[in-house]
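Colleague: Take a look at model.cif, mmCIF, C-alpha atoms:
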```
data_my_file
#
loop_
_atom_site.label_atom_id
_atom_site.label_comp_id
_atom_site.auth_asym_id
_atom_site.auth_seq_id
_atom_site.Cartn_x
_atom_site.Cartn_y
_atom_site.Cartn_z
CA MET A 22 14.63 -4.52 15.57
CA LYS A 23 16.02 -1.40 13.89
CA LYS A 24 18.94 -3.43 12.53
CA LEU A 25 16.52 -6.06 11.27
CA ALA A 26 14.40 -3.38 9.65
CA ALA A 27 17.41 -1.95 7.86
CA ALA A 28 18.48 -5.40 6.69
CA LEU A 29 15.03 -6.32 5.39
CA LEU A 30 14.50 -2.99 3.69
CA GLY A 31 17.91 -3.23 2.07
CA ALA A 32 17.39 -6.80 0.93
CA ALA A 33 14.05 -5.85 -0.54
CA LEU A 34 15.37 -3.25 -2.94
CA ALA A 35 16.77 -5.65 -5.54
CA PRO A 36 13.70 -7.86 -5.96
CA ALA A 37 11.41 -4.84 -6.05
CA ALA A 38 13.27 -3.35 -9.00
CA ALA A 39 13.46 -6.67 -10.84
CA SER A 40 9.74 -7.40 -10.60
CA ALA A 41 8.30 -3.90 -10.91
CA ALA A 42 6.88 -4.67 -14.35
CA ASP A 43 4.52 -7.27 -12.84
CA CYS A 44 2.22 -4.58 -11.48
CA GLY A 45 3.60 -1.29 -12.78
CA SER A 46 3.60 2.10 -11.15
CA VAL A 47 1.21 2.72 -8.26
CA VAL A 48 0.61 6.06 -6.55
CA MET A 49 -0.54 5.80 -2.93
CA THR A 50 -1.30 8.43 -0.30
CA GLU A 51 0.58 8.80 2.93
CA MET A 52 -1.65 10.86 5.20
CA ASN A 53 -0.03 13.20 7.69
CA TRP A 54 -0.62 11.15 10.84
CA LYS A 55 1.28 8.18 12.24
CA SER A 56 -1.26 5.38 11.93
CA SER A 57 -1.67 6.14 8.23
CA GLN A 58 2.09 6.20 7.79
CA VAL A 59 2.30 2.72 9.31
CA VAL A 60 -0.52 1.41 7.10
CA THR A 61 1.03 2.80 3.94
CA SER A 62 4.51 1.55 4.86
CA VAL A 63 3.14 -1.98 5.35
CA ALA A 64 1.18 -1.73 2.09
CA LYS A 65 4.16 -0.36 0.15
CA PHE A 66 6.48 -3.12 1.33
CA VAL A 67 4.03 -5.90 0.51
CA LEU A 68 2.92 -4.43 -2.82
CA GLU A 69 6.50 -4.06 -3.96
CA GLN A 70 7.91 -7.33 -2.67
CA GLY A 71 4.86 -9.51 -3.10
CA TYR A 72 3.08 -8.07 -6.12
CA GLY A 73 5.85 -6.43 -8.12
CA CYS A 74 4.46 -2.90 -7.90
CA GLU A 75 6.61 0.23 -8.02
CA VAL A 76 4.97 2.38 -5.35
CA THR A 77 5.25 6.16 -5.15
CA MET A 78 4.10 7.69 -1.88
CA VAL A 79 2.36 11.08 -1.98
CA ALA A 80 1.99 13.13 1.19
CA SER A 81 -1.63 14.21 1.55
CA SER A 82 -4.64 14.55 3.82
CA THR A 83 -8.30 13.62 3.52
CA VAL A 84 -9.88 16.39 1.44
CA PRO A 85 -6.93 17.06 -0.93
CA ALA A 86 -6.53 13.33 -1.63
CA LEU A 87 -10.10 12.94 -2.88
CA ALA A 88 -9.93 16.23 -4.78
CA SER A 89 -6.86 14.95 -6.59
CA VAL A 90 -8.59 11.68 -7.51
CA ALA A 91 -11.60 13.61 -8.83
CA GLU A 92 -9.47 15.96 -10.93
CA THR A 93 -6.60 13.74 -12.12
CA GLY A 94 -7.48 10.10 -11.38
CA LYS A 95 -4.50 9.88 -9.01
CA PRO A 96 -3.52 8.65 -6.47
CA ASP A 97 -4.52 5.07 -7.26
CA ILE A 98 -4.87 4.13 -3.59
CA VAL A 99 -6.11 6.30 -0.72
CA THR A 100 -5.45 4.65 2.65
CA GLU A 101 -6.89 5.65 6.02
CA LEU A 102 -9.64 7.80 4.61
CA TRP A 103 -11.68 9.08 7.55
CA ILE A 104 -14.95 9.51 5.68
CA ASN A 105 -16.60 11.61 8.42
CA GLY A 106 -14.23 14.35 7.25
CA ALA A 107 -14.66 13.63 3.54
CA PRO A 108 -17.89 15.17 2.23
CA ALA A 109 -17.02 14.18 -1.37
CA TYR A 110 -16.67 10.48 -0.56
CA GLU A 111 -20.26 9.31 -1.07
CA LYS A 112 -20.73 11.31 -4.28
CA MET A 113 -17.48 9.97 -5.76
CA GLU A 114 -18.36 6.40 -4.87
CA ALA A 115 -21.86 6.74 -6.31
CA SER A 116 -20.48 8.23 -9.55
CA GLY A 117 -18.02 5.37 -10.02
CA LYS A 118 -14.80 7.32 -9.52
CA ILE A 119 -13.68 5.24 -6.53
CA THR A 120 -14.19 1.75 -5.11
CA THR A 121 -14.19 1.15 -1.36
CA LEU A 122 -12.11 -1.92 -0.53
CA THR A 123 -12.22 -2.25 3.24
CA ASP A 124 -12.42 -0.71 6.70
CA VAL A 125 -8.67 -0.36 7.18
CA LEU A 126 -9.38 0.25 10.87
CA SER A 127 -11.86 -2.57 11.35
CA ASP A 128 -13.50 -1.11 14.45
CA GLY A 129 -13.19 2.51 13.28
CA GLY A 130 -11.53 5.52 14.78
CA VAL A 131 -12.60 6.21 18.36
CA GLU A 132 -12.78 9.30 20.53
CA GLY A 133 -14.39 10.05 23.82
CA TRP A 134 -13.97 10.45 27.57
CA TRP A 135 -11.57 8.17 29.44
CA ILE A 136 -10.16 7.41 32.87
CA PRO A 137 -7.18 5.16 33.72
CA GLN A 138 -8.09 1.51 34.24
CA TYR A 139 -6.35 1.55 37.63
CA LEU A 140 -8.94 4.06 38.87
CA VAL A 141 -11.78 1.74 37.85
CA ASP A 142 -10.00 -1.19 39.46
CA ALA A 143 -9.68 0.76 42.72
CA HIS A 144 -13.11 2.41 42.51
CA PRO A 145 -15.54 0.36 40.38
CA GLU A 146 -18.18 3.08 40.71
CA LEU A 147 -16.07 5.23 38.34
CA ALA A 148 -16.86 2.91 35.43
CA THR A 149 -19.89 5.05 34.54
CA LEU A 150 -20.47 8.76 33.98
CA GLU A 151 -22.92 8.78 36.87
CA GLY A 152 -20.24 7.38 39.14
CA VAL A 153 -17.70 9.98 38.00
CA LEU A 154 -20.16 12.83 38.58
CA ALA A 155 -20.96 11.51 42.05
CA ASN A 156 -17.28 11.22 43.02
CA PRO A 157 -15.44 14.19 41.47
CA GLU A 158 -12.63 14.01 44.02
CA LEU A 159 -11.70 10.51 42.81
CA VAL A 160 -10.92 11.88 39.32
CA GLY A 161 -9.10 14.93 40.66
CA GLY A 162 -11.99 17.34 40.16
CA ARG A 163 -10.77 18.03 36.64
CA PHE A 164 -11.67 17.19 33.05
CA HIS A 165 -8.66 17.33 30.72
CA GLN A 166 -9.91 19.31 27.74
CA CYS A 167 -8.56 19.67 24.18
CA PRO A 168 -6.50 22.72 23.16
CA GLU A 169 -8.25 25.85 21.92
CA GLY A 170 -9.25 25.64 18.28
CA TRP A 171 -9.56 21.87 18.10
CA GLY A 172 -12.98 20.55 17.11
CA CYS A 173 -13.05 18.35 20.21
CA GLN A 174 -12.64 21.45 22.40
CA ARG A 175 -15.97 22.83 21.21
CA ALA A 176 -17.64 19.41 21.37
CA ASN A 177 -16.38 18.67 24.88
CA ALA A 178 -17.52 22.07 26.16
CA SER A 179 -21.04 21.32 24.93
CA LYS A 180 -21.04 17.73 26.16
CA GLY A 181 -19.64 18.86 29.50
CA ALA A 182 -22.48 21.35 29.94
CA ALA A 183 -25.06 18.68 29.05
CA ALA A 184 -23.46 16.21 31.44
CA GLY A 185 -23.27 18.79 34.24
CA LEU A 186 -19.52 18.53 34.84
CA GLU A 187 -19.06 21.94 36.46
CA GLY A 188 -22.18 21.52 38.58
CA ALA A 189 -20.69 18.28 39.88
CA GLY A 190 -17.47 20.05 40.84
CA ILE A 191 -15.38 19.03 37.83
CA GLU A 192 -13.39 21.84 36.20
CA LEU A 193 -12.74 21.83 32.45
CA PHE A 194 -8.97 22.22 32.28
CA GLN A 195 -7.91 23.28 28.80
CA HIS A 196 -4.52 22.09 27.62
CA GLY A 197 -2.30 24.30 25.50
CA SER A 198 -1.31 21.57 23.06
CA GLY A 199 -1.82 17.94 22.16
CA GLU A 200 1.60 17.23 23.64
CA THR A 201 0.65 18.51 27.10
CA LEU A 202 -2.63 16.56 26.96
CA ALA A 203 -0.69 13.37 26.21
CA ALA A 204 1.92 14.22 28.85
CA SER A 205 -0.80 14.59 31.49
CA ILE A 206 -1.86 10.97 30.90
CA ALA A 207 1.73 9.72 31.05
CA SER A 208 2.32 11.63 34.29
CA ALA A 209 -0.89 10.30 35.86
CA PHE A 210 0.12 6.72 35.09
CA GLU A 211 3.65 7.22 36.35
CA ASN A 212 2.34 8.49 39.68
CA GLN A 213 -0.92 6.48 39.76
CA GLU A 214 -2.87 9.73 40.12
CA PRO A 215 -6.45 10.63 39.14
CA TRP A 216 -7.11 11.58 35.52
CA PHE A 217 -10.32 12.15 33.56
CA GLY A 218 -10.60 13.65 30.11
CA TYR A 219 -10.77 13.37 26.34
CA TYR A 220 -8.60 11.28 24.04
CA TRP A 221 -8.81 9.44 20.75
CA GLY A 222 -7.44 6.42 18.92
CA PRO A 223 -5.65 4.78 17.40
CA THR A 224 -2.74 6.45 19.21
CA ALA A 225 0.43 5.49 21.01
CA ILE A 226 -1.11 6.78 24.24
CA LEU A 227 -3.93 4.23 24.16
CA GLY A 228 -1.38 1.58 23.24
CA LYS A 229 0.83 2.33 26.22
CA TYR A 230 -1.70 3.06 28.92
CA PRO A 231 -4.75 0.91 29.76
CA MET A 232 -7.73 3.27 29.74
CA HIS A 233 -11.43 2.78 30.41
CA LYS A 234 -13.87 4.59 28.10
CA ILE A 235 -16.72 6.33 29.88
CA SER A 236 -20.00 5.88 28.00
CA LEU A 237 -21.86 9.09 27.25
CA GLY A 238 -24.97 7.16 26.31
CA GLU A 239 -26.55 7.00 22.87
CA TYR A 240 -24.94 8.58 19.84
CA ILE A 241 -27.46 11.12 18.52
CA PRO A 242 -26.20 12.56 15.21
CA GLU A 243 -28.05 15.89 15.35
CA VAL A 244 -26.96 16.50 18.95
CA HIS A 245 -23.32 15.69 18.22
CA THR A 246 -23.41 18.00 15.18
CA CYS A 247 -24.83 20.74 17.38
CA ASP A 248 -22.02 20.20 19.91
CA SER A 249 -19.46 21.48 17.39
CA ASP A 250 -21.54 24.43 16.15
CA PRO A 251 -21.16 27.57 18.31
CA GLU A 252 -24.32 28.98 16.70
CA CYS A 253 -26.54 26.00 17.50
CA PRO A 254 -29.34 27.28 19.79
CA THR A 255 -29.68 23.98 21.70
CA ARG A 256 -25.96 23.44 22.19
CA GLY A 257 -25.16 21.94 25.60
CA GLU A 258 -28.74 20.90 26.35
CA ARG A 259 -28.56 17.20 25.42
CA LEU A 260 -25.80 14.63 25.75
CA SER A 261 -24.58 12.48 22.87
CA GLU A 262 -21.77 9.97 22.64
CA TYR A 263 -19.01 10.55 20.11
CA PRO A 264 -19.55 8.51 16.93
CA VAL A 265 -17.21 5.78 15.76
CA SER A 266 -15.49 7.13 12.65
CA PRO A 267 -15.43 4.77 9.63
CA VAL A 268 -11.90 4.61 8.22
CA LYS A 269 -11.61 3.18 4.71
CA THR A 270 -9.18 2.22 2.01
CA VAL A 271 -10.42 3.31 -1.40
CA VAL A 272 -8.94 2.90 -4.88
CA THR A 273 -9.77 4.30 -8.27
CA ASN A 274 -12.04 2.09 -10.34
CA THR A 275 -9.27 1.88 -12.93
CA PHE A 276 -6.83 0.45 -10.40
CA SER A 277 -9.42 -2.01 -9.11
CA GLU A 278 -10.10 -3.30 -12.62
CA GLU A 279 -6.49 -3.40 -13.84
CA GLN A 280 -4.85 -4.71 -10.65
CA PRO A 281 -7.26 -7.26 -9.14
CA GLU A 282 -4.53 -9.15 -7.21
CA ALA A 283 -3.10 -6.01 -5.60
CA SER A 284 -6.62 -4.75 -4.92
CA ALA A 285 -7.51 -8.03 -3.22
CA PHE A 286 -4.52 -7.64 -0.91
CA MET A 287 -5.46 -4.05 -0.06
CA ALA A 288 -9.01 -5.23 0.67
CA ASN A 289 -7.60 -7.67 3.25
CA LEU A 290 -5.21 -5.19 4.89
CA SER A 291 -6.97 -4.13 8.09
CA PHE A 292 -6.06 -3.43 11.71
CA THR A 293 -8.05 -3.31 14.90
CA ASN A 294 -7.56 -0.29 17.14
CA GLU A 295 -5.83 -2.53 19.67
CA GLN A 296 -3.35 -3.75 17.05
CA MET A 297 -2.62 -0.27 15.75
CA ASN A 298 -2.36 1.21 19.25
CA GLY A 299 0.28 -1.43 20.05
CA ILE A 300 2.29 -0.68 16.91
CA LEU A 301 2.19 3.07 17.58
CA ALA A 302 3.27 2.51 21.19
CA TRP A 303 6.25 0.42 19.99
CA MET A 304 7.07 3.11 17.43
CA ASP A 305 7.02 5.82 20.10
CA ASP A 306 9.00 3.81 22.67
CA ASN A 307 11.72 3.03 20.11
CA ASP A 308 11.79 6.40 18.35
CA ALA A 309 11.18 4.41 15.18
CA THR A 310 10.20 5.48 11.69
CA ALA A 311 7.02 4.25 10.02
CA GLU A 312 9.15 1.94 7.86
CA GLU A 313 10.73 0.40 10.95
CA ALA A 314 7.30 0.04 12.55
CA ALA A 315 6.10 -1.73 9.40
CA VAL A 316 8.93 -4.25 9.64
CA TYR A 317 8.20 -4.70 13.36
CA PHE A 318 4.61 -5.58 12.48
CA LEU A 319 5.54 -7.80 9.54
CA THR A 320 8.07 -9.68 11.67
CA SER A 321 5.94 -10.10 14.78
CA GLU A 322 2.56 -10.77 13.12
CA LYS A 323 3.55 -12.99 10.20
CA ASP A 324 0.69 -15.46 10.70
CA LEU A 325 -1.81 -12.60 10.49
CA TRP A 326 -0.67 -10.76 7.38
CA MET A 327 0.34 -13.84 5.40
CA GLY A 328 -3.38 -14.60 5.37
CA TRP A 329 -3.92 -11.36 3.43
CA LEU A 330 -1.88 -12.57 0.44
CA ASP A 331 -2.42 -14.76 -2.59
CA ASP A 332 -0.19 -17.80 -3.03
CA GLU A 333 2.31 -16.14 -5.38
CA ALA A 334 2.86 -13.14 -3.13
CA LYS A 335 3.08 -15.42 -0.10
CA ALA A 336 5.87 -17.41 -1.76
CA LYS A 337 7.82 -14.25 -2.61
CA LEU A 338 7.56 -12.77 0.88
CA SER A 339 8.33 -16.07 2.60
CA GLU A 340 11.85 -15.67 1.22
CA LEU A 341 12.28 -12.48 3.25
CA PHE A 342 10.57 -13.49 6.52
#
```
Write the structure described by the file as structure tokens, please.

Modeller:
Amino acid sequence: MKKLAAALLGAALAPAAASAADCGSVVMTEMNWKSSQVVTSVAKFVLEQGYGCEVTMVASSTVPALASVAETGKPDIVTELWINGAPAYEKMEASGKITTLTDVLSDGGVEGWWIPQYLVDAHPELATLEGVLANPELVGGRFHQCPEGWGCQRANASKGAAAGLEGAGIELFQHGSGETLAASIASAFENQEPWFGYYWGPTAILGKYPMHKISLGEYIPEVHTCDSDPECPTRGERLSEYPVSPVKTVVTNTFSEEQPEASAFMANLSFTNEQMNGILAWMDDNDATAEEAAVYFLTSEKDLWMGWLDDEAKAKLSELF
């Protein structure tokens, strides 16, 4: 697959340069996490080879990307915008500075409490929080907590108090890093051992290891907000599920108006968590770059993404795949 990726990327360079005038220069974000890097690599390849754009990637993150659009009108495209962490998003959309094209993660970003599916298969009672609390020994008597300083560390401490984890005999075990948290899941699966704790997606971990999400009940916005606020007087008193995080692709209004064909493609470009988890797992297993992961996706899911394109772009890319 790496050889195929190199061949396709190399073959693509000539047509991209020849047809760049069709669309012109496009500036697109590449956020500093892997799923975004995959999304932007897929988008860059298709925009260049199918729509004749000359794409410049700009490393960024959520807040700086929107600040740049507000101040300079660039980048043209912001992919994987997690709007829960973007307080300027609604104001910019209402004022006409940006247009929202799609939920690039169709089912949103997820986070919460999980146990391995093999534990549920062996002990169906563990499928619920009540079952976990009643059988702490079956999950190892431990909740795998986020590292110090992470927002989820504060939230889990509050949710754990509300759920009564320690009273049920389940210790909150705080990991020193995201790497050790991920390694604890890998080790549990390798040895078919108990594991219970926090994780999020899309990630390679959830792509590699079948996990069952434990419901924490209803999502109550004010309670979840309180979970992350050390000064909240009612913190830890009520239990709320984690929210699903909307994850969008937005473009400037100028780009939307001037590049309707490219905008239509970007509006169609969307992944489920399951799809993205699988791509990230392949990327991790093969020590692959985001560009190689993009070619892996484009090669293995041709029927899916060809449906995102107009006829002209489909004809151009059919020559490569």

Colleague: What's the 6 Å shell around Val160 (chain A), counting all atoms listed in the file, without same-chain residues fewer than 3 positions away, as a list in words?

Modeller: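 Counting all atoms listed in the file, the residues come to Pro157, Pro215, Trp216 and Phe217 of chain A.
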
Colleague: I'd like the contact shell of Ala107 (chain A) - 9 Å cut-off, only C-alpha atoms, skipping same-chain residues fewer than 3 positions apart - returned as a short mmCIF file (atom, residue, chain, number, x, y, z; two decimals) with C-alpha atoms, in the coordinates of the input.

Modeller:
```cif
data_model
loop_
_atom_site.label_atom_id
_atom_site.label_comp_id
_atom_site.auth_asym_id
_atom_site.auth_seq_id
_atom_site.Cartn_x
_atom_site.Cartn_y
_atom_site.Cartn_z
CA THR A 83 -8.30 13.62 3.52
CA VAL A 84 -9.88 16.39 1.44
CA LEU A 87 -10.10 12.94 -2.88
CA LEU A 102 -9.64 7.80 4.61
CA TRP A 103 -11.68 9.08 7.55
CA ILE A 104 -14.95 9.51 5.68
CA TYR A 110 -16.67 10.48 -0.56
CA GLU A 111 -20.26 9.31 -1.07
#
```

Colleague: Take every atom of region 313-325 of chain A listed in the file, pad by 3 Å on each side, and give me the axis-aligned box centre and edge lengths in Å, one decimal, as lines of an AutoDock Vina configuration file.

Modeller:
```
center_x = 4.5
center_y = -7.5
center_z = 12.1
size_x = 18.5
size_y = 21.9
size_z = 11.4
```

Colleague: Hey, what's within 10 Å of Val153 (chain A) if we count only C-alpha atoms and toss same-chain stuff fewer than 5 positions away? As a PDB file with C-alpha atoms, keeping the file's coordinate frame, please?

Modeller:
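That gives us out-v1.pdb:
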```pdb
ATOM      1  CA  ILE A 136     -10.160   7.410  32.870  1.00  0.00           C
ATOM      2  CA  HIS A 144     -13.110   2.410  42.510  1.00  0.00           C
ATOM      3  CA  GLU A 146     -18.180   3.080  40.710  1.00  0.00           C
ATOM      4  CA  LEU A 147     -16.070   5.230  38.340  1.00  0.00           C
ATOM      5  CA  ALA A 148     -16.860   2.910  35.430  1.00  0.00           C
ATOM      6  CA  GLU A 158     -12.630  14.010  44.020  1.00  0.00           C
ATOM      7  CA  LEU A 159     -11.700  10.510  42.810  1.00  0.00           C
ATOM      8  CA  VAL A 160     -10.920  11.880  39.320  1.00  0.00           C
ATOM      9  CA  GLY A 162     -11.990  17.340  40.160  1.00  0.00           C
ATOM     10  CA  LEU A 186     -19.520  18.530  34.840  1.00  0.00           C
ATOM     11  CA  ALA A 189     -20.690  18.280  39.880  1.00  0.00           C
ATOM     12  CA  ILE A 191     -15.380  19.030  37.830  1.00  0.00           C
ATOM     13  CA  PHE A 217     -10.320  12.150  33.560  1.00  0.00           C
ATOM     14  CA  ILE A 235     -16.720   6.330  29.880  1.00  0.00           C
TER      15      ILE A 235
END
```

Colleague: So that I can see what lies close to Leu330 (chain A), please list as a list in words the residues with an atom at most 12 Å from it, counting all atoms listed in the file and leaving out residues fewer than 2 positions away in the same chain.

Modeller: Ala64, Val67, Leu68, Gln70, Gly71, Tyr72, Glu282, Ala283, Ser284, Ala285, Phe286, Met287, Ala288, Asn289, Leu290, Lys323, Asp324, Leu325, Trp326, Met327, Gly328, Asp332, Glu333, Ala334, Lys335, Ala336, Lys337, Leu338 and Ser339 of chain A

Colleague: Those residues you just picked out, can you put them in a file as a PDB file, in the frame of the given file with C-alpha atoms?

Modeller:
```pdb
ATOM      1  CA  ALA A  64       1.180  -1.730   2.090  1.00  0.00           C
ATOM      2  CA  VAL A  67       4.030  -5.900   0.510  1.00  0.00           C
ATOM      3  CA  LEU A  68       2.920  -4.430  -2.820  1.00  0.00           C
ATOM      4  CA  GLN A  70       7.910  -7.330  -2.670  1.00  0.00           C
ATOM      5  CA  GLY A  71       4.860  -9.510  -3.100  1.00  0.00           C
ATOM      6  CA  TYR A  72       3.080  -8.070  -6.120  1.00  0.00           C
ATOM      7  CA  GLU A 282      -4.530  -9.150  -7.210  1.00  0.00           C
ATOM      8  CA  ALA A 283      -3.100  -6.010  -5.600  1.00  0.00           C
ATOM      9  CA  SER A 284      -6.620  -4.750  -4.920  1.00  0.00           C
ATOM     10  CA  ALA A 285      -7.510  -8.030  -3.220  1.00  0.00           C
ATOM     11  CA  PHE A 286      -4.520  -7.640  -0.910  1.00  0.00           C
ATOM     12  CA  MET A 287      -5.460  -4.050  -0.060  1.00  0.00           C
ATOM     13  CA  ALA A 288      -9.010  -5.230   0.670  1.00  0.00           C
ATOM     14  CA  ASN A 289      -7.600  -7.670   3.250  1.00  0.00           C
ATOM     15  CA  LEU A 290      -5.210  -5.190   4.890  1.00  0.00           C
ATOM     16  CA  LYS A 323       3.550 -12.990  10.200  1.00  0.00           C
ATOM     17  CA  ASP A 324       0.690 -15.460  10.700  1.00  0.00           C
ATOM     18  CA  LEU A 325      -1.810 -12.600  10.490  1.00  0.00           C
ATOM     19  CA  TRP A 326      -0.670 -10.760   7.380  1.00  0.00           C
ATOM     20  CA  MET A 327       0.340 -13.840   5.400  1.00  0.00           C
ATOM     21  CA  GLY A 328      -3.380 -14.600   5.370  1.00  0.00           C
ATOM     22  CA  ASP A 332      -0.190 -17.800  -3.030  1.00  0.00           C
ATOM     23  CA  GLU A 333       2.310 -16.140  -5.380  1.00  0.00           C
ATOM     24  CA  ALA A 334       2.860 -13.140  -3.130  1.00  0.00           C
ATOM     25  CA  LYS A 335       3.080 -15.420  -0.100  1.00  0.00           C
ATOM     26  CA  ALA A 336       5.870 -17.410  -1.760  1.00  0.00           C
ATOM     27  CA  LYS A 337       7.820 -14.250  -2.610  1.00  0.00           C
ATOM     28  CA  LEU A 338       7.560 -12.770   0.880  1.00  0.00           C
ATOM     29  CA  SER A 339       8.330 -16.070   2.600  1.00  0.00           C
TER      30      SER A 339
END
```

Colleague: Counting all atoms listed in the file, which residues sit no farther than 10 Å from the position (-14.7, 20.5, 25.2) in the file's frame? I'd like them as a PyMOL selection string.

Modeller: chain A and resi 164-169+171-182+193-195+218-219+248-249

Colleague: Between A:Ala184, A:Val79, A:Val63, A:Gly94, which has the minimum distance to Glu313 (chain A) (counting all atoms listed in the file)?

Modeller: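 For Glu313 (chain A), the nearest of the given residues is A:Val63.
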
Colleague: I need the output of the PyMOL selection byres ((chain A and resi 232) around 7) for this file as a ChimeraX atom specification; which residues are they?

Modeller: /A:135-138,227,230-231,233-234

Colleague: Report, in Å with one decimal, the straight-line distance from CA of Asn307 (chain A) to CA of Gly199 (chain A).

Modeller: 20.2 Å

Colleague: Which residues, written as a PyMOL selection string, have at least one atom at most 6 Å from Ala225 (chain A), with only C-alpha atoms counted and residues fewer than 2 positions away on the same chain left out?

Modeller: chain A and resi 227-228+298+301-302

Colleague: For those residues, write C-alpha atoms to a file as a compact mmCIF listing (two decimals), in the frame of the given file.

Modeller:
```txt
# COMPACT_ATOMS: atom_id res chain seq x y z
CA LEU A 227 -3.93 4.23 24.16
CA GLY A 228 -1.38 1.58 23.24
CA ASN A 298 -2.36 1.21 19.25
CA LEU A 301 2.19 3.07 17.58
CA ALA A 302 3.27 2.51 21.19
```

Colleague: Applied to this file, what does the PyMOL selection byres ((chain A and resi 118-125) around 10) return in terms of residues, put as a PyMOL selection string?

Modeller: chain A and resi 57+60+87+90-91+94+97-103+110-117+126-129+267-278+284-293

Colleague: Can you measure CA of Met78 (chain A) to CA of Lys229 (chain A) for me? One decimal in Å is fine.

Modeller: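 Between CA of Met78 (chain A) and CA of Lys229 (chain A) the gap is 28.8 Å.
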
Colleague: When you draw a straight line from CA of Thr93 (chain A) to CA of Pro281 (chain A), how long is it in Å?

Modeller: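 Those two atoms sit 21.2 Å apart.
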
Colleague: Just checking: using all atoms listed in the file, which residue out of A:Ser261, A:Tyr139, A:Gln280, A:Gly152 ends up closest to Glu211 (chain A)?

Modeller: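 Counting all atoms listed in the file, the residue closest to Glu211 (chain A) is A:Tyr139.
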
Colleague: Looking at A:Ala207, A:Glu262, A:Arg163, A:Pro145, which one is nearest to Val244 (chain A), with distances taken over only C-alpha atoms?

Modeller: A:Glu262

Colleague: Point out the residue among A:Ala183, A:Ala204, A:Ala80, A:His196 with the least atom-to-atom distance to Gly257 (chain A), counting only C-alpha atoms.

Modeller: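 Of A:Ala183, A:Ala204, A:Ala80, A:His196, the one nearest Gly257 (chain A), counting only C-alpha atoms, is A:Ala183.
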
Colleague: Identify which of the residues A:Thr310, A:Gln58, A:Thr255, A:Ser236 lies closest to Trp134 (chain A), counting all atoms listed in the file when measuring atom-to-atom distances.

Modeller: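 Nearest to Trp134 (chain A): A:Ser236.
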
Colleague: What would region 207-219 of chain A look like with N, CA and C atoms restored, written as a PDB file, in the coordinates of the input?

Modeller:
```pdb
ATOM      1  N   ALA A 207       0.497  10.422  30.680  1.00  0.00           N
ATOM      2  CA  ALA A 207       1.730   9.720  31.050  1.00  0.00           C
ATOM      3  C   ALA A 207       2.105  10.001  32.500  1.00  0.00           C
ATOM      4  N   SER A 208       1.979  11.257  32.921  1.00  0.00           N
ATOM      5  CA  SER A 208       2.320  11.630  34.290  1.00  0.00           C
ATOM      6  C   SER A 208       1.375  10.982  35.292  1.00  0.00           C
ATOM      7  N   ALA A 209       0.085  10.933  34.953  1.00  0.00           N
ATOM      8  CA  ALA A 209      -0.890  10.300  35.860  1.00  0.00           C
ATOM      9  C   ALA A 209      -0.559   8.831  36.052  1.00  0.00           C
ATOM     10  N   PHE A 210      -0.208   8.132  34.974  1.00  0.00           N
ATOM     11  CA  PHE A 210       0.120   6.720  35.090  1.00  0.00           C
ATOM     12  C   PHE A 210       1.409   6.507  35.875  1.00  0.00           C
ATOM     13  N   GLU A 211       2.371   7.361  35.646  1.00  0.00           N
ATOM     14  CA  GLU A 211       3.650   7.220  36.350  1.00  0.00           C
ATOM     15  C   GLU A 211       3.461   7.342  37.859  1.00  0.00           C
ATOM     16  N   ASN A 212       2.551   8.234  38.262  1.00  0.00           N
ATOM     17  CA  ASN A 212       2.340   8.490  39.680  1.00  0.00           C
ATOM     18  C   ASN A 212       1.058   7.876  40.233  1.00  0.00           C
ATOM     19  N   GLN A 213       0.344   7.114  39.352  1.00  0.00           N
ATOM     20  CA  GLN A 213      -0.920   6.480  39.760  1.00  0.00           C
ATOM     21  C   GLN A 213      -1.873   7.507  40.365  1.00  0.00           C
ATOM     22  N   GLU A 214      -2.029   8.627  39.661  1.00  0.00           N
ATOM     23  CA  GLU A 214      -2.870   9.730  40.120  1.00  0.00           C
ATOM     24  C   GLU A 214      -4.187   9.754  39.348  1.00  0.00           C
ATOM     25  N   PRO A 215      -5.177  10.499  39.859  1.00  0.00           N
ATOM     26  CA  PRO A 215      -6.450  10.630  39.140  1.00  0.00           C
ATOM     27  C   PRO A 215      -6.258  11.321  37.797  1.00  0.00           C
ATOM     28  N   TRP A 216      -7.073  10.914  36.832  1.00  0.00           N
ATOM     29  CA  TRP A 216      -7.110  11.580  35.520  1.00  0.00           C
ATOM     30  C   TRP A 216      -8.456  11.279  34.891  1.00  0.00           C
ATOM     31  N   PHE A 217      -9.048  12.292  34.260  1.00  0.00           N
ATOM     32  CA  PHE A 217     -10.320  12.150  33.560  1.00  0.00           C
ATOM     33  C   PHE A 217     -10.322  13.156  32.424  1.00  0.00           C
ATOM     34  N   GLY A 218     -10.607  12.705  31.212  1.00  0.00           N
ATOM     35  CA  GLY A 218     -10.600  13.650  30.110  1.00  0.00           C
ATOM     36  C   GLY A 218     -10.823  12.992  28.759  1.00  0.00           C
ATOM     37  N   TYR A 219     -10.537  13.771  27.737  1.00  0.00           N
ATOM     38  CA  TYR A 219     -10.770  13.370  26.340  1.00  0.00           C
ATOM     39  C   TYR A 219      -9.503  12.790  25.729  1.00  0.00           C
TER      40      TYR A 219
END
```
